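Below is structure.txt, holding compact mmCIF, N, CA and C atoms.
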# COMPACT_ATOMS: atom_id res chain seq x y z
N MET Z 1259 -6.24 -21.01 12.59
CA MET Z 1259 -5.34 -20.73 11.49
C MET Z 1259 -5.02 -19.25 11.53
N ARG Z 1260 -3.77 -18.94 11.33
CA ARG Z 1260 -3.29 -17.56 11.42
C ARG Z 1260 -2.55 -17.22 10.14
N ALA Z 1261 -2.80 -16.01 9.63
CA ALA Z 1261 -2.13 -15.57 8.40
C ALA Z 1261 -1.64 -14.14 8.55
N VAL Z 1262 -0.43 -13.92 8.08
CA VAL Z 1262 0.09 -12.58 7.91
C VAL Z 1262 -0.03 -12.30 6.42
N VAL Z 1263 -0.80 -11.27 6.07
CA VAL Z 1263 -1.10 -10.96 4.67
C VAL Z 1263 -0.49 -9.61 4.34
N GLN Z 1264 0.34 -9.58 3.31
CA GLN Z 1264 0.99 -8.35 2.89
C GLN Z 1264 0.63 -8.02 1.45
N ARG Z 1265 0.29 -6.77 1.22
CA ARG Z 1265 0.09 -6.29 -0.15
C ARG Z 1265 1.48 -6.09 -0.74
N VAL Z 1266 1.73 -6.71 -1.90
CA VAL Z 1266 3.05 -6.64 -2.50
C VAL Z 1266 2.98 -6.20 -3.96
N SER Z 1267 4.06 -5.59 -4.40
CA SER Z 1267 4.19 -5.32 -5.84
C SER Z 1267 4.95 -6.45 -6.52
N ARG Z 1268 5.65 -7.26 -5.71
CA ARG Z 1268 6.30 -8.48 -6.19
C ARG Z 1268 6.74 -9.29 -4.98
N ALA Z 1269 6.77 -10.61 -5.17
CA ALA Z 1269 7.25 -11.49 -4.11
C ALA Z 1269 7.72 -12.79 -4.73
N GLN Z 1270 8.75 -13.38 -4.10
CA GLN Z 1270 9.20 -14.68 -4.56
C GLN Z 1270 9.78 -15.47 -3.40
N VAL Z 1271 9.77 -16.78 -3.57
CA VAL Z 1271 10.34 -17.68 -2.56
C VAL Z 1271 11.30 -18.61 -3.26
N ASP Z 1272 12.49 -18.74 -2.66
CA ASP Z 1272 13.53 -19.60 -3.20
C ASP Z 1272 13.85 -20.72 -2.21
N VAL Z 1273 14.18 -21.88 -2.76
CA VAL Z 1273 14.64 -23.02 -1.97
C VAL Z 1273 15.91 -23.53 -2.64
N ASP Z 1274 16.98 -23.59 -1.86
CA ASP Z 1274 18.28 -24.04 -2.38
C ASP Z 1274 18.70 -23.28 -3.63
N GLY Z 1275 18.47 -21.97 -3.63
CA GLY Z 1275 18.90 -21.13 -4.75
C GLY Z 1275 18.00 -21.17 -5.97
N THR Z 1276 16.91 -21.90 -5.90
CA THR Z 1276 15.97 -22.00 -7.03
C THR Z 1276 14.66 -21.35 -6.66
N THR Z 1277 14.14 -20.49 -7.53
CA THR Z 1277 12.84 -19.87 -7.30
C THR Z 1277 11.76 -20.91 -7.51
N VAL Z 1278 10.95 -21.13 -6.46
CA VAL Z 1278 9.88 -22.13 -6.53
C VAL Z 1278 8.50 -21.49 -6.64
N GLY Z 1279 8.39 -20.20 -6.36
CA GLY Z 1279 7.12 -19.49 -6.48
C GLY Z 1279 7.37 -18.00 -6.55
N GLN Z 1280 6.60 -17.33 -7.40
CA GLN Z 1280 6.72 -15.87 -7.48
C GLN Z 1280 5.44 -15.28 -8.04
N ILE Z 1281 5.18 -14.03 -7.65
CA ILE Z 1281 4.03 -13.28 -8.14
C ILE Z 1281 4.46 -11.84 -8.39
N GLY Z 1282 3.64 -11.13 -9.15
CA GLY Z 1282 3.78 -9.69 -9.29
C GLY Z 1282 2.87 -9.04 -8.26
N VAL Z 1283 2.07 -8.09 -8.69
CA VAL Z 1283 1.13 -7.42 -7.78
C VAL Z 1283 0.18 -8.45 -7.20
N GLY Z 1284 0.01 -8.40 -5.88
CA GLY Z 1284 -0.90 -9.35 -5.24
C GLY Z 1284 -0.68 -9.41 -3.75
N LEU Z 1285 -0.84 -10.61 -3.20
CA LEU Z 1285 -0.77 -10.81 -1.75
C LEU Z 1285 0.25 -11.88 -1.40
N MET Z 1286 1.07 -11.58 -0.42
CA MET Z 1286 1.99 -12.54 0.18
C MET Z 1286 1.32 -13.03 1.46
N VAL Z 1287 1.16 -14.34 1.59
CA VAL Z 1287 0.48 -14.91 2.75
C VAL Z 1287 1.43 -15.87 3.47
N LEU Z 1288 1.75 -15.54 4.72
CA LEU Z 1288 2.46 -16.47 5.59
C LEU Z 1288 1.39 -17.16 6.41
N LEU Z 1289 1.34 -18.49 6.37
CA LEU Z 1289 0.23 -19.24 6.94
C LEU Z 1289 0.69 -20.16 8.05
N GLY Z 1290 0.08 -20.01 9.22
CA GLY Z 1290 0.34 -20.88 10.35
C GLY Z 1290 -0.88 -21.71 10.69
N VAL Z 1291 -0.66 -22.95 11.08
CA VAL Z 1291 -1.74 -23.88 11.40
C VAL Z 1291 -1.58 -24.33 12.85
N THR Z 1292 -2.69 -24.36 13.58
CA THR Z 1292 -2.68 -24.84 14.95
C THR Z 1292 -3.47 -26.14 15.05
N HIS Z 1293 -3.49 -26.74 16.22
CA HIS Z 1293 -4.01 -28.09 16.42
C HIS Z 1293 -5.49 -28.28 16.09
N ASP Z 1294 -6.32 -27.30 16.35
CA ASP Z 1294 -7.75 -27.49 16.16
C ASP Z 1294 -8.27 -26.93 14.84
N ASP Z 1295 -7.39 -26.61 13.91
CA ASP Z 1295 -7.82 -26.12 12.60
C ASP Z 1295 -8.43 -27.26 11.78
N SER Z 1296 -9.20 -26.88 10.77
CA SER Z 1296 -9.90 -27.87 9.95
C SER Z 1296 -9.91 -27.38 8.50
N ILE Z 1297 -10.36 -28.26 7.62
CA ILE Z 1297 -10.49 -27.88 6.21
C ILE Z 1297 -11.48 -26.73 6.06
N GLU Z 1298 -12.55 -26.74 6.86
CA GLU Z 1298 -13.54 -25.66 6.79
C GLU Z 1298 -12.91 -24.31 7.17
N VAL Z 1299 -12.06 -24.31 8.18
CA VAL Z 1299 -11.35 -23.08 8.56
C VAL Z 1299 -10.45 -22.63 7.42
N ALA Z 1300 -9.74 -23.56 6.81
CA ALA Z 1300 -8.85 -23.23 5.69
C ALA Z 1300 -9.65 -22.61 4.54
N GLN Z 1301 -10.81 -23.17 4.24
CA GLN Z 1301 -11.64 -22.66 3.15
C GLN Z 1301 -12.17 -21.26 3.47
N ARG Z 1302 -12.60 -21.05 4.71
CA ARG Z 1302 -13.11 -19.72 5.10
C ARG Z 1302 -12.02 -18.67 5.06
N LEU Z 1303 -10.83 -19.02 5.54
CA LEU Z 1303 -9.72 -18.06 5.54
C LEU Z 1303 -9.28 -17.76 4.11
N ALA Z 1304 -9.26 -18.75 3.25
CA ALA Z 1304 -8.91 -18.53 1.85
C ALA Z 1304 -9.89 -17.55 1.20
N ALA Z 1305 -11.18 -17.74 1.42
CA ALA Z 1305 -12.19 -16.84 0.86
C ALA Z 1305 -12.04 -15.43 1.41
N LYS Z 1306 -11.77 -15.33 2.71
CA LYS Z 1306 -11.59 -14.02 3.34
C LYS Z 1306 -10.42 -13.28 2.70
N ILE Z 1307 -9.29 -13.96 2.55
CA ILE Z 1307 -8.11 -13.31 1.99
C ILE Z 1307 -8.31 -12.97 0.52
N TRP Z 1308 -8.88 -13.86 -0.26
CA TRP Z 1308 -9.09 -13.62 -1.69
C TRP Z 1308 -9.99 -12.41 -1.93
N ASN Z 1309 -10.94 -12.19 -1.04
CA ASN Z 1309 -11.90 -11.08 -1.21
C ASN Z 1309 -11.59 -9.85 -0.37
N LEU Z 1310 -10.48 -9.87 0.36
CA LEU Z 1310 -10.09 -8.76 1.22
C LEU Z 1310 -9.70 -7.55 0.36
N ARG Z 1311 -10.33 -6.42 0.63
CA ARG Z 1311 -10.13 -5.23 -0.21
C ARG Z 1311 -8.96 -4.39 0.32
N ILE Z 1312 -7.73 -4.92 0.12
CA ILE Z 1312 -6.55 -4.19 0.60
C ILE Z 1312 -5.58 -3.83 -0.53
N LEU Z 1313 -5.93 -4.16 -1.76
CA LEU Z 1313 -5.08 -3.72 -2.86
C LEU Z 1313 -5.42 -2.28 -3.21
N ARG Z 1314 -4.65 -1.68 -4.08
CA ARG Z 1314 -4.87 -0.27 -4.43
C ARG Z 1314 -6.31 -0.02 -4.86
N ASP Z 1315 -6.80 1.18 -4.58
CA ASP Z 1315 -8.17 1.60 -4.92
C ASP Z 1315 -9.23 0.70 -4.30
N GLU Z 1316 -8.92 0.17 -3.11
CA GLU Z 1316 -9.83 -0.70 -2.37
C GLU Z 1316 -10.32 -1.89 -3.18
N LYS Z 1317 -9.43 -2.44 -3.96
CA LYS Z 1317 -9.74 -3.65 -4.74
C LYS Z 1317 -9.25 -4.87 -3.97
N SER Z 1318 -9.86 -6.00 -4.27
CA SER Z 1318 -9.41 -7.26 -3.71
C SER Z 1318 -8.56 -7.99 -4.74
N ALA Z 1319 -7.87 -9.02 -4.29
CA ALA Z 1319 -7.14 -9.87 -5.23
C ALA Z 1319 -8.12 -10.49 -6.22
N ALA Z 1320 -9.32 -10.82 -5.76
CA ALA Z 1320 -10.35 -11.38 -6.64
C ALA Z 1320 -10.74 -10.38 -7.72
N ASP Z 1321 -10.87 -9.11 -7.34
CA ASP Z 1321 -11.24 -8.09 -8.33
C ASP Z 1321 -10.22 -7.99 -9.45
N LEU Z 1322 -8.94 -8.10 -9.09
CA LEU Z 1322 -7.85 -7.91 -10.05
C LEU Z 1322 -7.26 -9.21 -10.57
N GLU Z 1323 -7.78 -10.34 -10.07
CA GLU Z 1323 -7.21 -11.65 -10.39
C GLU Z 1323 -5.71 -11.64 -10.12
N ALA Z 1324 -5.34 -11.03 -9.00
CA ALA Z 1324 -3.95 -10.88 -8.60
C ALA Z 1324 -3.42 -12.18 -8.02
N GLY Z 1325 -2.13 -12.35 -8.10
CA GLY Z 1325 -1.50 -13.55 -7.57
C GLY Z 1325 -1.46 -13.58 -6.06
N VAL Z 1326 -1.39 -14.78 -5.51
CA VAL Z 1326 -1.25 -14.98 -4.07
C VAL Z 1326 -0.09 -15.96 -3.88
N LEU Z 1327 0.93 -15.51 -3.15
CA LEU Z 1327 2.05 -16.38 -2.82
C LEU Z 1327 1.86 -16.86 -1.39
N VAL Z 1328 1.76 -18.18 -1.19
CA VAL Z 1328 1.49 -18.76 0.12
C VAL Z 1328 2.71 -19.52 0.60
N VAL Z 1329 3.14 -19.21 1.82
CA VAL Z 1329 4.28 -19.88 2.43
C VAL Z 1329 3.88 -20.35 3.83
N SER Z 1330 4.14 -21.63 4.12
CA SER Z 1330 3.83 -22.15 5.45
C SER Z 1330 4.81 -21.54 6.46
N GLN Z 1331 4.29 -21.22 7.64
CA GLN Z 1331 5.13 -20.60 8.65
C GLN Z 1331 4.64 -20.98 10.04
N PHE Z 1332 5.16 -22.09 10.56
CA PHE Z 1332 4.74 -22.56 11.87
C PHE Z 1332 5.13 -21.58 12.97
N THR Z 1333 6.13 -20.74 12.72
CA THR Z 1333 6.59 -19.80 13.75
C THR Z 1333 5.55 -18.73 14.08
N LEU Z 1334 4.49 -18.63 13.29
CA LEU Z 1334 3.41 -17.69 13.64
C LEU Z 1334 2.72 -18.11 14.93
N TYR Z 1335 2.90 -19.37 15.32
CA TYR Z 1335 2.34 -19.84 16.58
C TYR Z 1335 3.39 -19.97 17.67
N GLY Z 1336 4.52 -19.28 17.51
CA GLY Z 1336 5.54 -19.25 18.55
C GLY Z 1336 5.06 -18.43 19.74
N ASP Z 1337 5.47 -18.85 20.93
CA ASP Z 1337 5.10 -18.13 22.16
C ASP Z 1337 6.40 -17.76 22.88
N ALA Z 1338 6.65 -16.45 22.97
CA ALA Z 1338 7.88 -15.96 23.60
C ALA Z 1338 7.58 -15.14 24.85
N ARG Z 1339 6.44 -15.40 25.49
CA ARG Z 1339 6.08 -14.64 26.68
C ARG Z 1339 7.00 -14.92 27.86
N LYS Z 1340 7.54 -16.12 27.92
CA LYS Z 1340 8.42 -16.48 29.04
C LYS Z 1340 9.82 -16.74 28.51
N GLY Z 1341 10.78 -16.21 29.20
CA GLY Z 1341 12.17 -16.49 28.86
C GLY Z 1341 12.60 -15.90 27.52
N ARG Z 1342 13.67 -16.47 27.00
CA ARG Z 1342 14.24 -15.95 25.76
C ARG Z 1342 14.12 -16.93 24.61
N ARG Z 1343 13.59 -18.12 24.87
CA ARG Z 1343 13.46 -19.12 23.83
C ARG Z 1343 11.98 -19.37 23.58
N PRO Z 1344 11.50 -19.11 22.36
CA PRO Z 1344 10.08 -19.36 22.07
C PRO Z 1344 9.74 -20.84 22.13
N THR Z 1345 8.50 -21.12 22.45
CA THR Z 1345 7.99 -22.49 22.35
C THR Z 1345 7.08 -22.56 21.13
N TRP Z 1346 6.96 -23.73 20.57
CA TRP Z 1346 6.18 -23.92 19.34
C TRP Z 1346 5.02 -24.88 19.58
N THR Z 1347 4.63 -25.07 20.82
CA THR Z 1347 3.61 -26.07 21.13
C THR Z 1347 2.24 -25.77 20.52
N ALA Z 1348 1.95 -24.52 20.24
CA ALA Z 1348 0.66 -24.18 19.65
C ALA Z 1348 0.61 -24.46 18.14
N ALA Z 1349 1.78 -24.66 17.52
CA ALA Z 1349 1.82 -24.97 16.10
C ALA Z 1349 1.51 -26.45 15.89
N ALA Z 1350 0.68 -26.71 14.90
CA ALA Z 1350 0.36 -28.10 14.58
C ALA Z 1350 1.59 -28.78 13.99
N PRO Z 1351 1.80 -30.08 14.29
CA PRO Z 1351 2.93 -30.79 13.69
C PRO Z 1351 2.72 -30.96 12.18
N GLY Z 1352 3.81 -31.18 11.48
CA GLY Z 1352 3.77 -31.29 10.02
C GLY Z 1352 2.69 -32.20 9.46
N PRO Z 1353 2.53 -33.42 9.99
CA PRO Z 1353 1.51 -34.31 9.43
C PRO Z 1353 0.07 -33.77 9.56
N VAL Z 1354 -0.15 -32.89 10.52
CA VAL Z 1354 -1.47 -32.24 10.67
C VAL Z 1354 -1.52 -30.98 9.82
N ALA Z 1355 -0.46 -30.19 9.86
CA ALA Z 1355 -0.45 -28.88 9.22
C ALA Z 1355 -0.38 -28.96 7.70
N GLU Z 1356 0.41 -29.88 7.16
CA GLU Z 1356 0.60 -29.89 5.70
C GLU Z 1356 -0.70 -30.12 4.92
N PRO Z 1357 -1.56 -31.08 5.31
CA PRO Z 1357 -2.82 -31.23 4.57
C PRO Z 1357 -3.71 -29.99 4.65
N LEU Z 1358 -3.65 -29.26 5.77
CA LEU Z 1358 -4.46 -28.05 5.90
C LEU Z 1358 -3.87 -26.90 5.10
N TYR Z 1359 -2.55 -26.83 5.04
CA TYR Z 1359 -1.88 -25.87 4.15
C TYR Z 1359 -2.30 -26.15 2.70
N ASP Z 1360 -2.25 -27.42 2.30
CA ASP Z 1360 -2.66 -27.81 0.94
C ASP Z 1360 -4.12 -27.47 0.70
N ALA Z 1361 -4.98 -27.69 1.69
CA ALA Z 1361 -6.41 -27.38 1.56
C ALA Z 1361 -6.62 -25.88 1.39
N PHE Z 1362 -5.85 -25.07 2.10
CA PHE Z 1362 -5.94 -23.62 1.97
C PHE Z 1362 -5.57 -23.20 0.54
N CYS Z 1363 -4.47 -23.71 0.03
CA CYS Z 1363 -4.05 -23.38 -1.34
C CYS Z 1363 -5.08 -23.86 -2.37
N ALA Z 1364 -5.61 -25.06 -2.16
CA ALA Z 1364 -6.63 -25.60 -3.06
C ALA Z 1364 -7.90 -24.75 -3.03
N ALA Z 1365 -8.28 -24.27 -1.85
CA ALA Z 1365 -9.47 -23.42 -1.73
C ALA Z 1365 -9.26 -22.11 -2.49
N LEU Z 1366 -8.08 -21.53 -2.38
CA LEU Z 1366 -7.79 -20.31 -3.16
C LEU Z 1366 -7.91 -20.58 -4.66
N ARG Z 1367 -7.33 -21.69 -5.10
CA ARG Z 1367 -7.39 -22.03 -6.53
C ARG Z 1367 -8.84 -22.25 -6.98
N ALA Z 1368 -9.63 -22.89 -6.13
CA ALA Z 1368 -11.04 -23.13 -6.47
C ALA Z 1368 -11.81 -21.82 -6.62
N LEU Z 1369 -11.36 -20.79 -5.93
CA LEU Z 1369 -11.98 -19.46 -6.04
C LEU Z 1369 -11.49 -18.70 -7.27
N GLY Z 1370 -10.48 -19.23 -7.95
CA GLY Z 1370 -9.95 -18.58 -9.14
C GLY Z 1370 -8.62 -17.89 -8.95
N ALA Z 1371 -8.02 -18.04 -7.79
CA ALA Z 1371 -6.76 -17.35 -7.51
C ALA Z 1371 -5.59 -18.02 -8.22
N PRO Z 1372 -4.72 -17.20 -8.84
CA PRO Z 1372 -3.45 -17.75 -9.31
C PRO Z 1372 -2.51 -17.86 -8.09
N VAL Z 1373 -2.24 -19.09 -7.66
CA VAL Z 1373 -1.51 -19.33 -6.42
C VAL Z 1373 -0.10 -19.82 -6.74
N ALA Z 1374 0.87 -19.19 -6.08
CA ALA Z 1374 2.24 -19.68 -6.08
C ALA Z 1374 2.52 -20.12 -4.65
N GLU Z 1375 3.41 -21.09 -4.49
CA GLU Z 1375 3.65 -21.65 -3.16
C GLU Z 1375 5.13 -21.79 -2.87
N GLY Z 1376 5.41 -21.80 -1.57
CA GLY Z 1376 6.71 -22.24 -1.11
C GLY Z 1376 6.69 -23.75 -1.04
N VAL Z 1377 7.70 -24.33 -0.37
CA VAL Z 1377 7.77 -25.78 -0.19
C VAL Z 1377 7.57 -26.05 1.29
N PHE Z 1378 6.51 -26.78 1.62
CA PHE Z 1378 6.18 -27.02 3.02
C PHE Z 1378 7.37 -27.64 3.74
N GLY Z 1379 7.74 -27.06 4.88
CA GLY Z 1379 8.79 -27.59 5.72
C GLY Z 1379 10.21 -27.31 5.27
N ALA Z 1380 10.37 -26.66 4.12
CA ALA Z 1380 11.71 -26.39 3.60
C ALA Z 1380 12.29 -25.13 4.23
N ASP Z 1381 13.60 -25.00 4.13
CA ASP Z 1381 14.29 -23.77 4.50
C ASP Z 1381 14.15 -22.85 3.29
N MET Z 1382 13.41 -21.76 3.44
CA MET Z 1382 13.08 -20.89 2.31
C MET Z 1382 13.62 -19.49 2.52
N GLN Z 1383 13.93 -18.84 1.41
CA GLN Z 1383 14.30 -17.44 1.43
C GLN Z 1383 13.20 -16.70 0.67
N ILE Z 1384 12.63 -15.70 1.33
CA ILE Z 1384 11.53 -14.94 0.75
C ILE Z 1384 11.99 -13.52 0.51
N SER Z 1385 11.71 -13.02 -0.68
CA SER Z 1385 11.98 -11.61 -0.95
C SER Z 1385 10.69 -11.01 -1.49
N LEU Z 1386 10.44 -9.78 -1.06
CA LEU Z 1386 9.21 -9.12 -1.49
C LEU Z 1386 9.36 -7.62 -1.39
N THR Z 1387 8.48 -6.94 -2.10
CA THR Z 1387 8.34 -5.50 -1.96
C THR Z 1387 6.95 -5.26 -1.43
N ASN Z 1388 6.89 -4.89 -0.13
CA ASN Z 1388 5.62 -4.62 0.52
C ASN Z 1388 5.13 -3.28 0.01
N ASP Z 1389 3.93 -3.26 -0.54
CA ASP Z 1389 3.35 -2.06 -1.16
C ASP Z 1389 2.51 -1.33 -0.13
N GLY Z 1390 2.93 -0.16 0.24
CA GLY Z 1390 2.16 0.66 1.18
C GLY Z 1390 3.01 1.27 2.27
N PRO Z 1391 3.53 0.54 3.19
CA PRO Z 1391 3.36 -0.89 3.42
C PRO Z 1391 1.98 -1.22 3.98
N THR Z 1392 1.47 -2.35 3.56
CA THR Z 1392 0.18 -2.82 4.05
C THR Z 1392 0.36 -4.26 4.51
N THR Z 1393 0.11 -4.49 5.80
CA THR Z 1393 0.25 -5.82 6.40
C THR Z 1393 -0.88 -6.02 7.39
N LEU Z 1394 -1.57 -7.16 7.30
CA LEU Z 1394 -2.63 -7.51 8.24
C LEU Z 1394 -2.37 -8.88 8.84
N ILE Z 1395 -2.82 -9.07 10.07
CA ILE Z 1395 -2.78 -10.38 10.70
C ILE Z 1395 -4.23 -10.85 10.83
N LEU Z 1396 -4.53 -12.01 10.26
CA LEU Z 1396 -5.88 -12.56 10.30
C LEU Z 1396 -5.84 -13.88 11.06
N GLU Z 1397 -6.90 -14.15 11.80
CA GLU Z 1397 -6.97 -15.41 12.52
C GLU Z 1397 -8.41 -15.90 12.56
N LEU Z 1398 -8.60 -17.15 12.19
CA LEU Z 1398 -9.92 -17.79 12.25
C LEU Z 1398 -9.81 -19.03 13.10

Target format structure tokens, applied to this file:
Amino acid sequence: MRAVVQRVSRAQVDVDGTTVGQIGVGLMVLLGVTHDDSIEVAQRLAAKIWNLRILRDEKSAADLEAGVLVVSQFTLYGDARKGRRPTWTAAAPGPVAEPLYDAFCAALRALGAPVAEGVFGADMQISLTNDGPTTLILEL
């Protein structure tokens, strides 16, 4: 499982012109799932991100009860090493990835996180203000 985590002062995701998820200060998480991921991996990554001390004054989202906006992003597993067209073979197919995406969001909620979400598999428009900028790539 791979995540791009950004510290934000605000973030929102829209689908078909309608805002489906938004947060103020917190973390924007783009989440990619690969073939051998599991619920246990999703739970560990959720705990890691929730407790990651990357907000201002070395606080975590858990410390501040900050929001987490999670958006599925299979393109995190794109491979563009050859040619000009990326391949997506390392990304898990929707029927595998969606339950693990849901498990990741559920694990965050179980830890106390206020979670906002995109719509799995939808064409989404994301807007955010990256604070810092601070961006990390995590992989478990």

What are the DSSP helix (DSSP H, G or I) residues of stretch 1325-1392 of chain Z, as a list in words?
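These are the residues in question: Phe1332, Thr1333, Leu1334, Tyr1335, Gly1352, Pro1353, Val1354, Ala1355, Glu1356, Pro1357, Leu1358, Tyr1359, Asp1360, Ala1361, Phe1362, Cys1363, Ala1364, Ala1365, Leu1366, Arg1367 and Ala1368 of chain Z.
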
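In terms of minimum interatomic distance to Z:Asp1294, Z:Ala1350 ranks closest within Z:Ala1320, Z:Gly1390, Z:Ala1350, Z:Cys1363, counting all atoms listed in the file.
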
Can you work out which one of Z:Tyr1359, Z:Asn1388, Z:Leu1285, Z:Val1291 has the shortest atom-to-atom distance to Z:Phe1332, counting all atoms listed in the file?
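Of Z:Tyr1359, Z:Asn1388, Z:Leu1285, Z:Val1291, the one nearest Z:Phe1332, counting all atoms listed in the file, is Z:Val1291.
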
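Compared by their closest atoms to Z:Gln1331, and using all atoms listed in the file, the residues Z:Arg1265, Z:Ala1304, Z:Leu1369, Z:Gly1379 rank with Z:Gly1379 nearest.
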
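Here atom N of Z:Gly1370 and atom N of Z:Gln1301 stand 12.8 Å from one another.
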
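Each of Z:Leu1327, Z:Ala1261, Z:Leu1358, Z:Met1382 was compared to Z:Gly1284 using all atoms listed in the file, and Z:Leu1327 turns out to be the nearest.
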
Could you please determine the separation between atom CA of Z:Asp1315 and atom N of Z:Met1259 in Å, to one decimal place?
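Separation between atom CA of Z:Asp1315 and atom N of Z:Met1259: 28.7 Å.
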
Could you rebuild stretch 1341-1348 of chain Z with all heavy atoms and give me the result as a short mmCIF file (atom, residue, chain, number, x, y, z; two decimals), in the frame of the given file?
data_model
loop_
_atom_site.label_atom_id
_atom_site.label_comp_id
_atom_site.auth_asym_id
_atom_site.auth_seq_id
_atom_site.Cartn_x
_atom_site.Cartn_y
_atom_site.Cartn_z
N GLY Z 1341 10.78 -16.21 29.20
CA GLY Z 1341 12.17 -16.49 28.86
C GLY Z 1341 12.60 -15.90 27.52
O GLY Z 1341 11.97 -15.00 26.98
N ARG Z 1342 13.67 -16.47 27.00
CA ARG Z 1342 14.24 -15.95 25.76
C ARG Z 1342 14.12 -16.93 24.61
O ARG Z 1342 14.51 -16.62 23.49
CB ARG Z 1342 15.73 -15.62 25.97
CG ARG Z 1342 15.92 -14.51 26.99
CD ARG Z 1342 17.37 -14.19 27.18
NE ARG Z 1342 18.08 -15.38 27.67
CZ ARG Z 1342 19.36 -15.62 27.46
NH1 ARG Z 1342 20.10 -14.77 26.79
NH2 ARG Z 1342 19.93 -16.71 27.92
N ARG Z 1343 13.59 -18.12 24.87
CA ARG Z 1343 13.46 -19.12 23.83
C ARG Z 1343 11.98 -19.37 23.58
O ARG Z 1343 11.26 -19.84 24.45
CB ARG Z 1343 14.14 -20.41 24.26
CG ARG Z 1343 14.07 -21.48 23.19
CD ARG Z 1343 14.77 -22.75 23.61
NE ARG Z 1343 16.18 -22.47 23.81
CZ ARG Z 1343 16.97 -23.21 24.56
NH1 ARG Z 1343 16.50 -24.27 25.18
NH2 ARG Z 1343 18.24 -22.90 24.70
N PRO Z 1344 11.50 -19.11 22.36
CA PRO Z 1344 10.08 -19.36 22.07
C PRO Z 1344 9.74 -20.84 22.13
O PRO Z 1344 10.59 -21.69 21.88
CB PRO Z 1344 9.89 -18.85 20.63
CG PRO Z 1344 11.11 -18.07 20.31
CD PRO Z 1344 12.20 -18.54 21.22
N THR Z 1345 8.50 -21.12 22.45
CA THR Z 1345 7.99 -22.49 22.35
C THR Z 1345 7.08 -22.56 21.13
O THR Z 1345 6.50 -21.56 20.71
CB THR Z 1345 7.19 -22.89 23.60
OG1 THR Z 1345 6.03 -22.06 23.70
CG2 THR Z 1345 8.03 -22.77 24.86
N TRP Z 1346 6.96 -23.73 20.57
CA TRP Z 1346 6.18 -23.92 19.34
C TRP Z 1346 5.02 -24.88 19.58
O TRP Z 1346 4.48 -25.44 18.64
CB TRP Z 1346 7.08 -24.46 18.23
CG TRP Z 1346 8.39 -23.76 18.12
CD1 TRP Z 1346 9.62 -24.25 18.44
CD2 TRP Z 1346 8.61 -22.40 17.70
NE1 TRP Z 1346 10.58 -23.29 18.23
CE2 TRP Z 1346 9.99 -22.15 17.77
CE3 TRP Z 1346 7.77 -21.38 17.26
CZ2 TRP Z 1346 10.57 -20.93 17.43
CZ3 TRP Z 1346 8.34 -20.17 16.92
CH2 TRP Z 1346 9.71 -19.95 17.00
N THR Z 1347 4.63 -25.07 20.82
CA THR Z 1347 3.61 -26.07 21.13
C THR Z 1347 2.24 -25.77 20.52
O THR Z 1347 1.46 -26.69 20.30
CB THR Z 1347 3.46 -26.25 22.65
OG1 THR Z 1347 3.14 -24.99 23.24
CG2 THR Z 1347 4.73 -26.82 23.27
N ALA Z 1348 1.95 -24.52 20.24
CA ALA Z 1348 0.66 -24.18 19.65
C ALA Z 1348 0.61 -24.46 18.14
O ALA Z 1348 -0.46 -24.50 17.54
CB ALA Z 1348 0.31 -22.72 19.91
#
